[in-house]
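Here's the structure, in structure tokens; my notes come after.
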Amino acid sequence: MKHLITTTAILLAFSAIPAAHAQAVVGQPAPAFQAVDVQGRPVQLADFAGKHVVLEWFNPSCPFVQKHYNSGNMPATQKAAMSKGGVWISINSDAREPGDKKAETGHPKWLNDKGASPTAVVLDGAGTLGKSYGARATPHMFVIDPQGKVIYAGAIDSKASTNPDDIKTATNYVSQALDESMAGKSVSKPKSQAYGCSIHYGWGDKVKNLFTPAG
């Protein structure tokens, strides 16, 4: 029953964002953006031209995000990407956190405590960045190639659960896309359905806390 509830919640989450907002299309130029990170530094996609860029939507309170951080999977994926010259931007588009000083200090500390050190951490409380990419869940991942095109969009991996044991037998789609692209190959799995906790874009309580964690 818990798994049924979780699956239903996932489907509800994917209907929460109007199609008009889903503008990041695999094979097309990634939506340009300008933002400010938690340290007050400007962050814009144009600054990273010529590099692979990974956009990761996260929320520390989400059990699906916790699965990949507590296990070390997300930090390891990030470290591998950045060691090869990639850029990693972690984004929280929860509407409850714009201007939240606690989040501005707490999120970077949480990431650091988990062994992560992204290029930038952005609090997108207005939802501008999240909506422009059509980000629906945490985690939701996008990989952009050096030419500025989206080459992967979707889940971090192939096992949609909160069970960290599933990571061992899952395919890490982000690592796979980066490895293939960096080797000059076409990405064999350019898109998948993201799974996780629904992003709260401030459209009312009906889209708040949709997910019931499995297990």
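FYI, nothing fancy with the structure tokens labels: chains A, B, ... in order, residues from 1 per chain, ligands from 1 as they appear.
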
Which residues are close to Leu123 (chain A), i.e. within 7 Å by only C-alpha atoms, leaving aside same-chain residues fewer than 3 positions away? Reply as a PDB file with C-alpha atoms, in the first residue's frame.
```pdb
ATOM      1  CA  ASP A  37      24.008  32.011  -5.323  1.00  0.00           C
ATOM      2  CA  VAL A  38      23.882  31.815  -1.519  1.00  0.00           C
ATOM      3  CA  ILE A  91      19.153  24.458  -6.906  1.00  0.00           C
ATOM      4  CA  ASN A  92      16.282  24.618  -4.426  1.00  0.00           C
ATOM      5  CA  SER A  93      13.106  26.068  -5.951  1.00  0.00           C
ATOM      6  CA  PRO A  98      13.291  32.992  -0.735  1.00  0.00           C
TER       7      PRO A  98
END
```

So which residues touch Lys191 (chain A) within 7 Å, counting only C-alpha atoms, skipping near sequence neighbours fewer than 6 positions away, as a PyMOL selection string?
chain A and resi 152-154

Could you please write out, as a VMD selection string, every residue of region 63-118 of chain A that DSSP assigns to strand (DSSP E or B)?
chain A and resid 87 to 92

Exercise: Gly130 (chain A) partners within 10 Å, only C-alpha atoms, chain neighbours under 5 positions left out, as number ranges by chain
A: 21-22, 57, 91-94, 124-125, 135-137, 140, 199, 201

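Residue nearest Lys159 (chain A), chosen from A:Gln147, A:Lys131, A:Ser192, A:Lys114 and counting only C-alpha atoms: A:Ser192.
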
Using only C-alpha atoms, pick whichever of A:Ala183, A:Asn112, A:Glu56, A:Val122 has the shortest atom-to-atom distance to Thr77 (chain A).
A:Glu56

Could you name the residues that touch Ala46 (chain A) at 10 Å or less, counting only C-alpha atoms, but leaving out those on the same chain fewer than 6 positions away, as number ranges by chain?
A: 32-34, 148

Next, write the just-selected residues to a file, as a compact mmCIF listing (two decimals), in the first residue's frame, keeping N, CA and C atoms as the atom set.
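Contents of result-v2.txt, freshly written:
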```
# COMPACT_ATOMS: atom_id res chain seq x y z
N ALA A 32 18.48 29.89 -21.00
CA ALA A 32 19.45 30.76 -20.35
C ALA A 32 18.90 31.20 -19.00
N PHE A 33 19.79 31.45 -18.06
CA PHE A 33 19.32 31.93 -16.77
C PHE A 33 20.37 32.81 -16.11
N GLN A 34 19.90 33.67 -15.25
CA GLN A 34 20.75 34.50 -14.41
C GLN A 34 20.22 34.39 -12.99
N GLY A 148 26.01 24.11 -25.10
CA GLY A 148 24.83 24.71 -24.49
C GLY A 148 23.53 23.98 -24.75
```

Which neighbours of Thr169 (chain A) fall inside 10 Å, counting only C-alpha atoms, when residues of the same chain fewer than 3 positions from it are skipped, and could you give them as number ranges by chain?
A: 157-159, 165-166, 172

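Between CA of Gly72 (chain A) and CA of Leu111 (chain A) lies a distance of 10.9 Å.
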
Let's see if you can do this: from backbone DSSP, list all helix (DSSP H, G or I) residues in region 39-186 of chain A, as JSON, numbers by chain.
{"A": [45, 46, 47, 48, 63, 64, 65, 66, 67, 68, 69, 70, 73, 74, 75, 76, 77, 78, 79, 80, 81, 82, 83, 101, 102, 103, 104, 105, 106, 107, 108, 109, 110, 111, 112, 113, 128, 129, 130, 131, 132, 133, 164, 165, 166, 167, 168, 169, 173, 174, 175, 176, 177, 178, 179, 180, 181, 182]}

What lies within 12 Å of Ser61 (chain A) using only C-alpha atoms, ignoring chain neighbours under 3 positions off, as a list in words?
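Here the answer would be Phe58, Phe64, Val65, Gln66, Lys67, Tyr69, Asn70, Asn92, Asp94, Ala103, Gly106, His107, Trp110, Thr138, Pro139, Gly196, Cys197, Ser198, Ile199, Asn209, Phe211 and Pro213 of chain A.
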
What does the structure give for the distance between CA of Ile89 (chain A) and CA of His68 (chain A), in Å to one decimal?
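That distance, rounded to one decimal, is 16.1 Å.
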
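Comparing A:Asp47, A:Asp145, A:Asp179, A:Asp113 by their smallest distance to Pro29 (chain A), the closest is A:Asp145 (using only C-alpha atoms).
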
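The environment of Val26 (chain A) within 10 Å, counting only C-alpha atoms and disregarding residues fewer than 6 places along the same chain, consists of Phe142, Val143, Ile144, Lys149, Val150, Ile151, Tyr152, Ala153, Pro190 and Lys191 of chain A.
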
Now that the selection is made, can you save its residues with N, CA and C atoms as an mmCIF file, in the first residue's frame?
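So the final result, stored in again21.cif, reads:
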```
data_model
loop_
_atom_site.group_PDB
_atom_site.id
_atom_site.type_symbol
_atom_site.label_atom_id
_atom_site.label_comp_id
_atom_site.auth_asym_id
_atom_site.auth_seq_id
_atom_site.Cartn_x
_atom_site.Cartn_y
_atom_site.Cartn_z
ATOM 1 N N PHE A 142 19.516 17.751 -14.908
ATOM 2 C CA PHE A 142 19.691 18.151 -16.305
ATOM 3 C C PHE A 142 21.184 18.238 -16.588
ATOM 4 N N VAL A 143 21.588 17.720 -17.741
ATOM 5 C CA VAL A 143 22.990 17.805 -18.165
ATOM 6 C C VAL A 143 23.032 18.610 -19.459
ATOM 7 N N ILE A 144 23.901 19.598 -19.475
ATOM 8 C CA ILE A 144 24.054 20.495 -20.623
ATOM 9 C C ILE A 144 25.461 20.322 -21.187
ATOM 10 N N LYS A 149 23.608 22.730 -25.214
ATOM 11 C CA LYS A 149 22.400 21.954 -25.467
ATOM 12 C C LYS A 149 22.124 20.978 -24.323
ATOM 13 N N VAL A 150 20.846 20.747 -24.075
ATOM 14 C CA VAL A 150 20.446 19.761 -23.069
ATOM 15 C C VAL A 150 20.662 18.373 -23.654
ATOM 16 N N ILE A 151 21.476 17.573 -22.982
ATOM 17 C CA ILE A 151 21.738 16.221 -23.483
ATOM 18 C C ILE A 151 21.156 15.146 -22.571
ATOM 19 N N TYR A 152 20.698 15.554 -21.392
ATOM 20 C CA TYR A 152 20.009 14.605 -20.510
ATOM 21 C C TYR A 152 19.057 15.375 -19.601
ATOM 22 N N ALA A 153 17.893 14.787 -19.358
ATOM 23 C CA ALA A 153 16.909 15.358 -18.438
ATOM 24 C C ALA A 153 16.147 14.222 -17.773
ATOM 25 N N PRO A 190 18.980 9.718 -23.177
ATOM 26 C CA PRO A 190 18.921 11.177 -23.043
ATOM 27 C C PRO A 190 17.831 11.700 -22.116
ATOM 28 N N LYS A 191 16.855 10.883 -21.803
ATOM 29 C CA LYS A 191 15.818 11.351 -20.893
ATOM 30 C C LYS A 191 15.153 10.186 -20.166
#
```

Out of A:Pro42, A:Ala177, A:Ala116, A:Cys62, which residue has the shortest atom-to-atom distance to Ser161 (chain A) when counting only C-alpha atoms?
A:Cys62

Which residue gives the smallest distance to Leu178 (chain A) among A:Asn59, A:Ser83, A:Ser117, A:Thr162, with only C-alpha atoms counted?
A:Ser83
